[in-house]
Every structure is written in structure tokens, then in C-alpha cells.
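See below for target04.txt, which holds compact mmCIF, C-alpha atoms and all ligand atoms.
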# COMPACT_ATOMS: atom_id res chain seq x y z
CA MET A 15 -64.04 -8.60 90.45
CA SER A 16 -62.13 -11.33 88.75
CA LYS A 17 -58.92 -10.77 86.86
CA ILE A 18 -58.46 -12.01 83.33
CA ILE A 19 -55.02 -13.27 82.36
CA VAL A 20 -53.95 -14.27 78.86
CA MET A 21 -51.06 -16.65 78.25
CA THR A 22 -49.88 -15.62 74.82
CA SER A 23 -46.83 -15.71 72.54
CA GLY A 24 -47.57 -15.40 68.85
CA LYS A 25 -45.43 -18.44 68.13
CA GLY A 26 -46.66 -21.99 68.63
CA GLY A 27 -44.99 -24.67 70.69
CA VAL A 28 -43.27 -22.33 73.12
CA GLY A 29 -45.07 -23.53 76.24
CA LYS A 30 -48.34 -21.57 76.52
CA THR A 31 -50.49 -24.57 77.35
CA THR A 32 -47.88 -26.01 79.72
CA SER A 33 -47.66 -22.62 81.42
CA SER A 34 -51.44 -22.10 81.51
CA ALA A 35 -51.93 -25.44 83.24
CA ALA A 36 -49.13 -24.73 85.70
CA PHE A 37 -50.24 -21.18 86.43
CA ALA A 38 -53.91 -21.98 86.89
CA THR A 39 -52.97 -24.81 89.24
CA GLY A 40 -50.57 -22.56 91.14
CA LEU A 41 -53.21 -19.87 91.62
CA ALA A 42 -55.74 -22.43 92.82
CA LEU A 43 -53.17 -23.95 95.20
CA ARG A 44 -52.85 -20.53 96.79
CA GLY A 45 -56.55 -20.42 97.41
CA PHE A 46 -57.83 -18.44 94.46
CA LYS A 47 -60.82 -19.79 92.61
CA THR A 48 -59.42 -20.20 89.13
CA VAL A 49 -60.69 -21.29 85.74
CA VAL A 50 -58.46 -21.97 82.76
CA ILE A 51 -60.02 -21.67 79.29
CA ASP A 52 -58.70 -23.30 76.14
CA PHE A 53 -58.99 -20.81 73.25
CA ASP A 54 -57.29 -23.12 70.76
CA VAL A 55 -60.51 -24.01 68.98
CA GLY A 56 -60.12 -27.12 66.82
CA LEU A 57 -56.92 -28.22 68.54
CA ARG A 58 -57.99 -29.10 72.04
CA ASN A 59 -54.96 -29.84 74.22
CA LEU A 60 -55.37 -28.19 77.58
CA ASP A 61 -57.65 -31.05 78.69
CA LEU A 62 -54.81 -33.54 78.12
CA VAL A 63 -52.22 -31.45 79.91
CA MET A 64 -54.64 -31.01 82.81
CA GLY A 65 -55.55 -34.70 82.77
CA CYS A 66 -59.30 -34.25 82.34
CA GLU A 67 -59.66 -35.33 78.70
CA ARG A 68 -61.98 -38.19 79.54
CA ARG A 69 -64.42 -35.97 81.34
CA VAL A 70 -65.15 -33.51 78.52
CA VAL A 71 -68.82 -33.49 77.57
CA PHE A 72 -69.58 -29.93 76.56
CA ASP A 73 -67.14 -27.21 75.63
CA PHE A 74 -66.58 -23.45 75.44
CA ILE A 75 -68.21 -23.21 72.01
CA ASN A 76 -71.29 -25.12 73.14
CA VAL A 77 -71.68 -22.53 75.88
CA ILE A 78 -71.19 -19.62 73.48
CA ASN A 79 -73.82 -21.10 71.17
CA GLY A 80 -76.25 -21.69 74.00
CA GLU A 81 -76.12 -25.47 73.49
CA ALA A 82 -74.96 -26.08 77.05
CA LYS A 83 -74.96 -24.27 80.34
CA LEU A 84 -71.67 -22.96 81.63
CA ASN A 85 -71.69 -25.20 84.68
CA GLN A 86 -72.26 -28.22 82.44
CA ALA A 87 -69.11 -27.44 80.48
CA LEU A 88 -66.87 -26.52 83.41
CA ILE A 89 -64.76 -29.43 84.62
CA LYS A 90 -63.75 -29.40 88.24
CA ASP A 91 -60.20 -30.60 88.83
CA LYS A 92 -60.04 -33.79 90.85
CA ARG A 93 -56.82 -32.95 92.66
CA ILE A 94 -57.07 -29.28 93.46
CA GLU A 95 -59.85 -27.46 95.17
CA ASN A 96 -60.83 -24.20 93.42
CA LEU A 97 -59.57 -25.27 90.01
CA TYR A 98 -61.78 -25.55 86.92
CA ILE A 99 -61.13 -26.20 83.25
CA LEU A 100 -63.23 -24.97 80.34
CA PRO A 101 -62.17 -27.10 77.38
CA THR A 102 -62.53 -26.05 73.78
CA SER A 103 -64.21 -27.67 70.81
CA GLN A 104 -62.35 -30.10 68.60
CA THR A 105 -64.78 -29.94 65.75
CA ARG A 106 -65.54 -26.29 65.14
CA ASP A 107 -63.22 -23.69 63.79
CA LYS A 108 -62.10 -20.46 65.35
CA ASP A 109 -64.88 -18.47 63.64
CA ALA A 110 -67.15 -19.93 66.30
CA LEU A 111 -65.53 -17.50 68.73
CA THR A 112 -67.51 -14.29 68.56
CA ARG A 113 -66.59 -11.30 70.67
CA GLU A 114 -70.11 -11.12 72.11
CA GLY A 115 -70.09 -14.85 72.88
CA VAL A 116 -66.71 -14.72 74.59
CA GLU A 117 -67.72 -11.64 76.55
CA LYS A 118 -70.91 -13.30 77.74
CA VAL A 119 -69.03 -16.35 79.03
CA LEU A 120 -66.30 -14.24 80.67
CA ASN A 121 -68.90 -12.07 82.38
CA GLU A 122 -70.61 -15.11 83.78
CA LEU A 123 -67.32 -16.60 84.96
CA SER A 124 -66.20 -13.38 86.57
CA LYS A 125 -69.11 -13.54 89.00
CA GLU A 126 -67.65 -16.71 90.48
CA PHE A 127 -63.92 -16.80 89.90
CA ASP A 128 -60.96 -14.81 91.17
CA TYR A 129 -58.85 -15.57 88.13
CA ILE A 130 -59.78 -16.42 84.56
CA LEU A 131 -56.77 -17.69 82.63
CA CYS A 132 -56.99 -17.76 78.84
CA ASP A 133 -54.70 -20.20 77.02
CA SER A 134 -54.14 -18.55 73.63
CA PRO A 135 -53.59 -20.44 70.39
CA ALA A 136 -50.60 -19.57 68.22
CA GLY A 137 -50.81 -16.90 65.55
CA ILE A 138 -52.52 -13.54 65.54
CA GLU A 139 -55.86 -14.60 64.13
CA ARG A 140 -59.28 -14.70 65.68
CA GLY A 141 -58.59 -17.29 68.38
CA ALA A 142 -55.50 -15.47 69.59
CA LEU A 143 -57.19 -12.05 69.32
CA MET A 144 -60.24 -13.22 71.26
CA SER A 145 -58.10 -14.74 74.00
CA LEU A 146 -56.29 -11.46 74.60
CA TYR A 147 -59.09 -9.00 73.89
CA PHE A 148 -60.60 -8.90 77.38
CA ALA A 149 -57.35 -9.41 79.29
CA ASP A 150 -56.22 -7.36 82.27
CA HIS A 151 -52.83 -9.06 82.40
CA ALA A 152 -50.78 -10.69 79.68
CA ILE A 153 -48.10 -13.25 80.32
CA ILE A 154 -45.85 -13.34 77.28
CA VAL A 155 -44.43 -16.84 76.88
CA THR A 156 -41.15 -16.65 75.01
CA ASN A 157 -38.34 -19.07 74.22
CA PRO A 158 -34.77 -17.75 74.05
CA GLU A 159 -34.77 -18.02 70.30
CA VAL A 160 -34.99 -15.43 67.51
CA SER A 161 -38.38 -16.22 65.99
CA SER A 162 -40.08 -16.56 69.36
CA VAL A 163 -38.71 -13.21 70.56
CA ARG A 164 -39.79 -11.47 67.38
CA ASP A 165 -43.28 -12.97 67.55
CA SER A 166 -43.59 -11.93 71.19
CA ASP A 167 -42.86 -8.38 70.14
CA ARG A 168 -45.62 -8.60 67.55
CA ILE A 169 -48.05 -9.79 70.20
CA LEU A 170 -47.04 -6.91 72.48
CA GLY A 171 -47.93 -4.58 69.62
CA VAL A 172 -51.31 -6.29 69.24
CA LEU A 173 -51.98 -6.02 72.99
CA ASN A 174 -51.23 -2.33 72.86
CA SER A 175 -53.51 -1.64 69.94
CA ARG A 176 -56.23 -4.25 69.64
CA SER A 177 -57.17 -5.27 73.17
CA ARG A 178 -60.30 -3.95 74.81
CA ARG A 179 -58.22 -1.83 77.14
CA ALA A 180 -56.39 -0.26 74.21
CA GLU A 181 -59.53 0.30 72.18
CA GLN A 182 -61.40 1.89 75.06
CA GLY A 183 -58.44 3.98 76.18
CA LEU A 184 -58.32 2.28 79.59
CA GLU A 185 -55.21 1.51 81.56
CA PRO A 186 -53.09 -0.76 79.35
CA VAL A 187 -52.94 -4.52 79.76
CA THR A 188 -50.04 -5.31 82.11
CA GLN A 189 -47.35 -7.34 80.37
CA GLN A 190 -44.84 -9.73 81.92
CA LEU A 191 -42.32 -12.04 80.38
CA LEU A 192 -42.21 -15.76 81.09
CA LEU A 193 -39.05 -17.07 79.49
CA THR A 194 -39.47 -20.81 79.04
CA ARG A 195 -37.27 -23.71 77.90
CA TYR A 196 -34.23 -21.83 79.16
CA ASP A 197 -31.03 -23.86 79.10
CA PRO A 198 -28.38 -22.17 81.27
CA GLU A 199 -25.65 -24.45 79.95
CA ARG A 200 -26.28 -23.49 76.36
CA VAL A 201 -26.47 -19.86 77.43
CA GLU A 202 -23.07 -20.20 79.07
CA ARG A 203 -21.66 -21.66 75.86
CA GLY A 204 -22.97 -18.65 73.96
CA GLU A 205 -25.45 -20.76 72.03
CA MET A 206 -28.61 -19.32 73.47
CA LEU A 207 -29.91 -15.82 74.18
CA LYS A 208 -29.46 -14.77 77.81
CA VAL A 209 -32.36 -13.68 80.01
CA ASP A 210 -30.93 -10.16 79.94
CA ASP A 211 -30.74 -10.13 76.15
CA VAL A 212 -34.41 -11.01 75.83
CA LEU A 213 -35.36 -8.49 78.52
CA GLU A 214 -33.39 -5.78 76.80
CA ILE A 215 -35.07 -6.48 73.48
CA LEU A 216 -38.66 -6.90 74.67
CA ALA A 217 -38.42 -4.34 77.48
CA ILE A 218 -41.11 -5.78 79.72
CA PRO A 219 -40.75 -6.99 83.34
CA LEU A 220 -39.62 -10.54 83.99
CA LEU A 221 -42.14 -12.81 85.66
CA GLY A 222 -40.06 -15.96 85.57
CA VAL A 223 -37.56 -18.18 83.83
CA ILE A 224 -38.63 -21.78 83.36
CA PRO A 225 -35.71 -24.07 82.62
CA GLU A 226 -35.75 -26.66 79.87
CA SER A 227 -36.75 -29.72 81.82
CA GLN A 228 -37.57 -33.35 81.21
CA ALA A 229 -40.15 -33.09 83.95
CA VAL A 230 -42.44 -31.19 81.58
CA LEU A 231 -42.86 -34.11 79.21
CA ARG A 232 -43.19 -36.58 82.06
CA ALA A 233 -45.93 -34.43 83.59
CA SER A 234 -47.84 -34.05 80.35
CA ASN A 235 -47.59 -37.82 79.75
CA VAL A 236 -49.65 -38.40 82.85
CA GLY A 237 -51.89 -35.35 82.62
CA MET A 238 -50.45 -33.56 85.61
CA PRO A 239 -49.59 -29.85 85.55
CA VAL A 240 -45.83 -29.72 86.05
CA ILE A 241 -46.16 -27.33 88.97
CA LEU A 242 -47.38 -30.32 91.00
CA ASP A 243 -43.99 -31.98 90.46
CA GLU A 244 -42.40 -30.32 93.44
CA VAL A 245 -38.98 -31.86 92.99
CA SER A 246 -38.53 -30.62 89.43
CA ASN A 247 -36.81 -27.36 88.57
CA ALA A 248 -39.58 -26.49 86.14
CA GLY A 249 -42.25 -27.08 88.77
CA LEU A 250 -40.42 -24.93 91.29
CA ALA A 251 -39.79 -22.21 88.74
CA TYR A 252 -43.51 -22.08 87.91
CA SER A 253 -44.34 -21.93 91.57
CA ASP A 254 -41.98 -18.98 92.02
CA ALA A 255 -43.50 -17.25 89.00
CA VAL A 256 -47.00 -17.57 90.44
CA GLY A 257 -45.72 -16.06 93.69
CA ARG A 258 -44.18 -13.15 91.81
CA PHE A 259 -47.39 -12.65 89.87
CA LEU A 260 -49.16 -12.26 93.20
CA GLY A 261 -46.66 -9.64 94.24
CA GLU A 262 -44.16 -11.68 96.25
CA ASP A 263 -40.49 -10.86 95.99
CA ILE A 264 -38.82 -14.10 94.95
CA GLU A 265 -35.31 -14.43 93.57
CA HIS A 266 -34.88 -16.09 90.19
CA ARG A 267 -33.51 -19.63 90.28
CA PHE A 268 -32.23 -21.99 87.61
CA VAL A 269 -30.74 -19.23 85.47
CA THR A 270 -27.13 -20.37 85.89
CA PRO A 271 -25.75 -23.86 85.22
CA GLN A 272 -26.03 -26.19 88.15
CA LYS A 273 -22.85 -27.66 89.53
CA LYS A 274 -22.51 -31.18 88.31
CA GLY A 275 -21.65 -32.97 91.54
CA LEU A 276 -22.39 -36.62 92.14
CA PHE A 277 -25.44 -35.57 94.07
CA SER A 278 -26.93 -33.54 91.27
CA ARG A 279 -26.11 -36.30 88.79
CA LEU A 280 -28.06 -38.72 90.89
CA LEU A 281 -30.87 -36.23 91.02
CA ARG A 282 -30.79 -35.47 87.34
CA ARG A 283 -33.73 -37.71 86.63
CA SER A 284 -35.92 -35.18 88.35
CA ALA A 285 -34.29 -32.08 86.90
CA MET B 6 -3.80 -25.53 62.69
CA SER B 7 -4.18 -27.80 65.65
CA ILE B 8 -7.45 -29.19 66.76
CA PHE B 9 -7.33 -26.80 69.70
CA ASN B 10 -6.99 -23.79 67.48
CA PHE B 11 -9.85 -25.03 65.41
CA PHE B 12 -12.14 -24.90 68.38
CA ARG B 13 -10.74 -21.64 69.70
CA ALA B 14 -11.13 -19.95 66.37
CA ALA B 15 -14.87 -20.38 66.63
CA PRO B 16 -16.77 -17.40 65.25
CA ARG B 17 -18.56 -14.97 67.57
CA ALA B 18 -21.02 -16.71 69.81
CA SER B 19 -24.19 -17.39 67.88
CA ALA B 20 -26.29 -15.94 70.70
CA VAL B 21 -24.56 -12.58 70.19
CA GLN B 22 -25.48 -12.65 66.53
CA ALA B 23 -29.03 -13.62 67.44
CA LYS B 24 -29.34 -10.58 69.67
CA GLU B 25 -27.90 -8.18 67.11
CA ARG B 26 -30.12 -9.47 64.33
CA LEU B 27 -33.19 -9.21 66.53
CA GLN B 28 -32.39 -5.67 67.57
CA ILE B 29 -32.07 -4.54 63.98
CA VAL B 30 -35.10 -6.28 62.55
CA MET B 31 -37.31 -5.34 65.45
CA ALA B 32 -36.36 -1.68 65.40
CA HIS B 33 -37.60 -1.66 61.81
CA GLU B 34 -40.76 -3.55 62.57
CA ARG B 35 -41.67 -1.34 65.51
CA ALA B 36 -41.11 1.78 63.43
CA GLY B 37 -43.38 0.36 60.73
CA ARG B 38 -46.06 -0.20 63.32
CA SER B 39 -46.08 3.25 64.85
CA GLY B 40 -49.20 4.86 63.59
CA PRO B 41 -50.55 5.17 60.08
CA ASP B 42 -47.64 5.11 57.75
CA TYR B 43 -47.19 8.74 56.74
CA LEU B 44 -44.28 8.10 54.44
CA PRO B 45 -46.31 7.39 51.28
CA MET B 46 -48.30 10.59 51.82
CA LEU B 47 -45.24 12.62 52.64
CA GLN B 48 -43.71 11.39 49.43
CA GLN B 49 -46.79 12.25 47.36
CA GLU B 50 -47.11 15.73 48.80
CA LEU B 51 -43.45 16.43 48.36
CA LEU B 52 -43.69 15.45 44.73
CA ALA B 53 -46.81 17.56 44.27
CA VAL B 54 -45.01 20.63 45.58
CA ILE B 55 -42.03 20.11 43.36
CA ALA B 56 -44.28 19.38 40.39
CA LYS B 57 -45.73 22.89 40.73
CA TYR B 58 -42.38 24.30 39.66
CA VAL B 59 -40.84 21.68 37.43
CA ASN B 60 -41.91 18.75 35.33
CA ILE B 61 -41.16 15.50 37.00
CA ASP B 62 -40.81 12.25 35.19
CA GLU B 63 -42.43 9.72 37.53
CA ASN B 64 -39.95 7.12 36.45
CA LYS B 65 -37.07 9.26 37.55
CA VAL B 66 -38.06 9.46 41.17
CA GLU B 67 -36.11 7.32 43.58
CA VAL B 68 -37.25 6.81 47.15
CA LYS B 69 -35.03 5.21 49.76
CA LEU B 70 -35.77 4.58 53.36
CA ASP B 71 -33.15 3.75 55.92
CA ARG B 72 -34.51 2.79 59.29
CA GLY B 73 -31.89 3.28 61.96
CA GLY B 74 -32.04 2.97 65.72
CA ASP B 75 -32.76 6.57 66.73
CA CYS B 76 -33.38 8.25 63.43
CA SER B 77 -34.51 7.23 60.00
CA THR B 78 -33.89 9.02 56.77
CA LEU B 79 -36.23 9.28 53.87
CA GLU B 80 -34.30 10.08 50.78
CA VAL B 81 -36.21 11.26 47.73
CA ASN B 82 -34.07 11.71 44.66
CA ILE B 83 -35.86 13.50 41.88
CA GLU B 84 -34.21 14.00 38.59
CA LEU B 85 -35.15 17.41 37.35
CA PRO B 86 -35.15 17.38 33.57
CA ALA B 87 -33.30 20.28 32.09
CA ARG B 88 -35.91 22.13 30.06
CA GLU B 89 -35.03 23.01 26.52
CA GLN B 90 -34.53 26.67 27.43
CA ALA B 91 -32.54 26.02 30.53
CA LYS B 92 -30.48 23.52 28.67
CA ALA B 93 -29.72 26.02 25.94
CA ALA B 94 -28.93 28.73 28.42
CA ALA B 95 -26.73 26.44 30.41
CA ALA B 96 -24.95 25.27 27.30
CA ALA B 97 -24.35 28.84 26.24
CA LYS B 98 -22.97 29.91 29.58
CA THR B 99 -20.79 27.05 30.58
CA ALA B 100 -19.70 24.83 27.83
CA GLU B 101 -17.67 22.63 30.11
CA LYS B 102 -20.67 21.69 32.24
CA PRO B 103 -22.29 18.64 30.76
CA ALA B 104 -26.07 18.63 30.55
CA GLY B 105 -28.38 15.75 31.28
CA ASN B 106 -28.15 13.34 34.14
CA ASP B 107 -25.33 15.04 35.94
CA ASP B 108 -27.32 18.23 35.96
CA ALA B 109 -30.09 16.67 37.93
CA ALA B 110 -30.61 18.16 41.30
CA ALA B 111 -31.26 15.90 44.19
CA LYS B 112 -33.79 16.84 46.72
CA ARG B 113 -33.41 15.18 49.99
CA ALA B 114 -35.94 15.09 52.73
CA ALA B 115 -35.12 13.60 56.05
CA GLY B 116 -37.98 12.44 58.17
CA ASN B 117 -37.56 11.17 61.65
CA ALA B 118 -39.39 7.93 61.50
CA GLY B 119 -37.47 6.37 64.34
CA ALA B 120 -40.34 6.18 66.78
CA LYS B 121 -39.82 3.16 68.98
CA LYS B 122 -43.33 3.17 70.29
CA ARG B 123 -45.23 -0.05 69.91
CA ILE B 124 -48.81 0.15 68.83
N1 LIG C 1 -39.72 -26.00 80.16
C1 LIG C 1 -39.85 -26.97 79.24
N2 LIG C 1 -38.92 -27.96 79.14
C2 LIG C 1 -39.07 -28.92 78.22
N3 LIG C 1 -40.09 -29.03 77.37
C3 LIG C 1 -41.04 -28.09 77.42
C4 LIG C 1 -40.98 -27.00 78.34
N4 LIG C 1 -42.09 -26.23 78.16
C5 LIG C 1 -42.78 -26.79 77.16
N5 LIG C 1 -42.20 -27.91 76.71
C6 LIG C 1 -42.66 -28.80 75.63
O1 LIG C 1 -42.85 -28.02 74.47
C7 LIG C 1 -43.96 -28.50 73.73
C8 LIG C 1 -44.94 -27.38 73.45
O2 LIG C 1 -45.51 -26.94 74.67
P1 LIG C 1 -46.97 -26.34 74.73
O3 LIG C 1 -47.20 -25.92 76.14
O4 LIG C 1 -47.97 -27.26 74.12
O5 LIG C 1 -46.78 -25.05 73.81
P2 LIG C 1 -47.88 -24.08 73.14
O6 LIG C 1 -49.13 -24.20 73.93
O7 LIG C 1 -47.24 -22.74 73.23
O8 LIG C 1 -48.04 -24.52 71.72
C9 LIG C 1 -44.56 -29.64 74.53
O9 LIG C 1 -44.10 -30.84 73.99
C10 LIG C 1 -44.00 -29.41 75.91
O10 LIG C 1 -43.88 -30.63 76.61
MG MG C 2 -51.18 -24.60 73.28
Can I see the file as C-alpha cells?
Amino acid sequence: MSKIIVMTSGKGGVGKTTSSAAFATGLALRGFKTVVIDFDVGLRNLDLVMGCERRVVFDFINVINGEAKLNQALIKDKRIENLYILPTSQTRDKDALTREGVEKVLNELSKEFDYILCDSPAGIERGALMSLYFADHAIIVTNPEVSSVRDSDRILGVLNSRSRRAEQGLEPVTQQLLLTRYDPERVERGEMLKVDDVLEILAIPLLGVIPESQAVLRASNVGMPVILDEVSNAGLAYSDAVGRFLGEDIEHRFVTPQKKGLFSRLLRRSA
Amino acid sequence: MSIFNFFRAAPRASAVQAKERLQIVMAHERAGRSGPDYLPMLQQELLAVIAKYVNIDENKVEVKLDRGGDCSTLEVNIELPAREQAKAAAAAKTAEKPAGNDDAAAKRAAGNAGAKKRI
């Protein structure tokens, strides 16, 4: 049986797509057959971050509408074995996502894949609701910032009341926090919420802390999931988070300011 | 004030304020989310009960809600109009006691609406 993960946040621009690309790649690197689905209908972006934008022919909505076969729409990653992308439509709107249609596609995917990762759009409308509805696990992507934390709490409420598991009285969707764009130096100056503050407020387990990193933009420029940048802090932090998700006990890194020696200054380009 | 003092006298760290503000607003929001909101119904039923015994002027009903961390209070202030009789009787008995607004009794109902459960 495959597991369905939703990468969600409520707020936009916090790093869901970046994290979806990194996580899907990380799971595939560890040998799990993984597909990552873009639920942001109308605003296709996952294809760019994954570097497969020029290979999109059919999309998720075409499959839902029966206009294309699932295997025609699935894009196999060129770098990583076991990794597939299901891009979304740029032309339709989110009403094209019906619960029955999404369920049909997920059922078909679950015959083949170990993990199905759903990249949620922002907001709490249809696209976001559909992306979380069938989830077994939710990764709550949050920035250490007031509106992001509040929106994450809203999404936790939605997961606990409007997901399939909630509606059918099944075991609840597991929820883990991925705190992204964390800047330990600003935290030390008292300008940014600490990991512990956010954990105390949201009260869900911590999956990982991804530092604010220039490597993220560099990676998205070239269409490479940042987890493949193995010298960057962000890449390493994502890798750790994937390990934790799979049950490994890995200590959190990059949560305190790094010592600014000559060596680290020279290395800063890759930080 | 020297430039050093200027920097030292910085207000509380903004992150501390961020945390406090979040804790307050989210406690309220979570409470509002816990189940169907029974407060409007509680208020209506309370008024109905009181209306069985006294005339209530709908415009003289004040409802306040204070959502705290562990416990919330619902405060319903109902001004009970002194009826002509009661007024007369009261006037006859105690001349020094002014009638009218000050005579109004306040009914207070406290409801624990502090559920922290998310739904
Ligand atoms: N850890 C990070 N460090 C620096 N920039 C980041 C980080 N994570 C995300 N970003 C940037 O934030 C922006 C929004 O990220 P994205 O993943 O598209 O968010 P979402 O999908 O939640 O809208 C992008 O420009 C991305 O490069
Ligand atoms: Mg996105």
C-alpha cells in the first residue's frame, strides 16, 4: 500500500514546492518509488523546480478528465531512478479537481508507488482541500513568522476536521512540522521566532528545520531539487528530514549560528 | 543619551512579541473552532428563561465574551426594567434608593469556552 503525503501550509510562498521537490527526490534516492503531484492548478511550478518543464505534454487534469492516460502524463525524472512528476494544468481552474477524479488517480498511482507526495497550493480552497483530503501524513511547512504560524494552525484544524480520515473517523492524519527559511542569526538577535517557540505554539512534532539558504534559489534556477546540492546546508537539512520521516534518529543541524571563521567565510557561497 | 544607550534601550525583542501575540490570537481562534458555536444558543435560551419572569428590552441586553487561555467568560448583562408596581413599591419603601438604571440587576453566566481542541 502506498502512503500519501501532503505538503501543506495555508500560506503561500513558504516553501511547499521547494520542499515537495526535495522530499520526493529524497524518498526516491532512498529507493522508494515516488511520485510528486502538483495540486496548484492554474499556477504550474513544480515542473520548473523539478527541471522537467519542457517535457510536459499531458497533466493531472487531463488524466482526471479522461483526456490522457496516467502513464502518458507521468514524467520520469532523468536524474533519479524511481522518481516521477505529475504536473498540473496551467489553463484550467481549481474547479477541475473533483474528489472522485482525484481519488481515481490516487488509487491508480497507489498500485505502483510507495509514496505519493501532494504539493498543495496556498489557501484553504478546493485545490488545497483536495491535496490534503486523502492524505495519510501531512508535512506542515511553516516559516518562523506570525502569519505563517497562524495559517499553519488553521490548516491543522482543517486536517483534523475535513480530511478523509477525519470524516470517516479513521486514525488521524499524522502531522509534522517542517520549519523552513530559518535564520539562526536573526533568531539569536531576537528578531525571529525560535524553533521552540513555533513548536510550543503549534504543538506538533518537528520533522526538520531548513535554514534560509541561497542554495535554494540557485537550485531552482537550474531546475534541480535542492536536496541534490549536497554541499548546501538546505540540501543537507532536507536530507536529514527525509531520514527522520522514515524513522531514523537524526540530530537537528543548522539551528544555531555558524561560527564565522575564515573557512566558513570561504565556504559561504555554498551555504 | 549616548549612541550605546540608544541601542541598549531597544524594546523587548520583536520575536518575543511575535510569540505572545500568536499565543493570544490563536487561543481565541482555536476556541472559536471547537465544535458548533453554542454561545448564540446559550444566549437565546438564557434570555428566554429570564423573559418568562420579566419583560426584557432587547436593546438593553449586553453580551460580552472574554476568551482567556484556560477559561472564557460569557457575560450577559440584562437590564431588568422596574415595573410600574415594583417601582412604586420600591419608591415607597426606600426613598433614598434611586430607581431606574441603577436598579437593574445584572445576570452573569460564565461558560467555559476555553476548549483548546482543534477541529
Ligand atoms: N530555505 C530557503 N531559503 C531561501 N529561500 C527559500 C527557501 N525555501 C524557499 N525559498 C524561496 O521561497 C520562495 C517560495 O518557495 P516555494 O517553494 O515556491 O513556496 P510555496 O510553494 O509554498 O509557495 C521561492 O522563491 C524559493 O526559492
Ligand atoms: Mg507552490
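With only C-alpha atoms and all ligand atoms as the atoms that count, the minimum distance from ligand LIG 1 (chain C) to the choices A:Glu181, A:Asp54, A:Glu139, A:Asp243 is reached by A:Asp54.
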Worksheet entry | Exercise answer, 10 Å around ligand LIG 1 (chain C) with all atoms listed in the file, as a ChimeraX atom specification | /A:21-36,52,54,59-60,63,133-136,155-157,193-197,223-235,240,247-249,251-252,285
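Any residue of chain A with an atom within 7 Å of chain B counts; using only C-alpha atoms, that gives Val160, Arg164, Gly171, Val172, Asn174, Ser175, Gly204, Glu205, Met206, Leu207, Asp211 and Ile215 of chain A.
Of note, atom CA of A:Asp254 and atom CA of A:Thr39 are spaced 12.7 Å apart.
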Worksheet entry | Residue among A:Phe46, A:Phe53, A:Phe268, A:Phe72 lying closest to A:Phe127, counting all atoms listed in the file |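 The shortest atom-to-atom distance to A:Phe127 comes from A:Phe46.
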Worksheet item: Interatomic distance between atom CA of A:Leu213 and atom CA of A:His151?
Response: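 It comes out at 17.9 Å.
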Fill in: One-decimal distance in Å that lies between atom CA of A:Leu111 and atom CA of A:Ala152
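Spanning atom CA of A:Ala152 to atom CA of A:Leu111 is a straight-line distance of 19.6 Å.
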Test item: residues at most 10 Å from B:Lys65, all atoms listed in the file, excluding those fewer than 3 positions along its chain, as a JSON list (two decimals) with C-alpha atoms, in the frame of the given file:
[["chain", "number", "residue", "atom", "x", "y", "z"],
["B", 61, "ILE", "CA", -41.16, 15.50, 37.00],
["B", 62, "ASP", "CA", -40.81, 12.25, 35.19],
["B", 68, "VAL", "CA", -37.25, 6.81, 47.15],
["B", 82, "ASN", "CA", -34.07, 11.71, 44.66],
["B", 83, "ILE", "CA", -35.86, 13.50, 41.88],
["B", 84, "GLU", "CA", -34.21, 14.00, 38.59],
["B", 85, "LEU", "CA", -35.15, 17.41, 37.35],
["B", 86, "PRO", "CA", -35.15, 17.38, 33.57]]
Discussion item. If we draw a sphere of 7 Å around (-38.4, -12.6, 81.0), which residues have at least one atom in it when counting all atoms listed in the file? Please report them as a PyMOL selection string.
Written reply: chain A and resi 191-193+209+212-213+219-223
Discussion item. Report as a list in words all protein, DNA and RNA residues lying within 10 Å of A:Asn79, evaluated on all atoms listed in the file, omitting residues in the same chain fewer than 6 positions from it.
Written reply: Ala110, Leu111, Thr112 and Gly115 of chain A
Would you put the residues from that selection into a file with C-alpha atoms, as a PDB file, in the coordinates of the input?
ATOM      1  CA  ALA A 110     -67.150 -19.930  66.300  1.00  0.00           C
ATOM      2  CA  LEU A 111     -65.530 -17.500  68.730  1.00  0.00           C
ATOM      3  CA  THR A 112     -67.510 -14.290  68.560  1.00  0.00           C
ATOM      4  CA  GLY A 115     -70.090 -14.850  72.880  1.00  0.00           C
TER       5      GLY A 115
END
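For the residues A:Asn96, A:Asn76, A:Thr102, A:Thr270, ranking by smallest atom-to-atom distance to ligand MG 2 (chain C) using only C-alpha atoms and all ligand atoms places A:Thr102 first.
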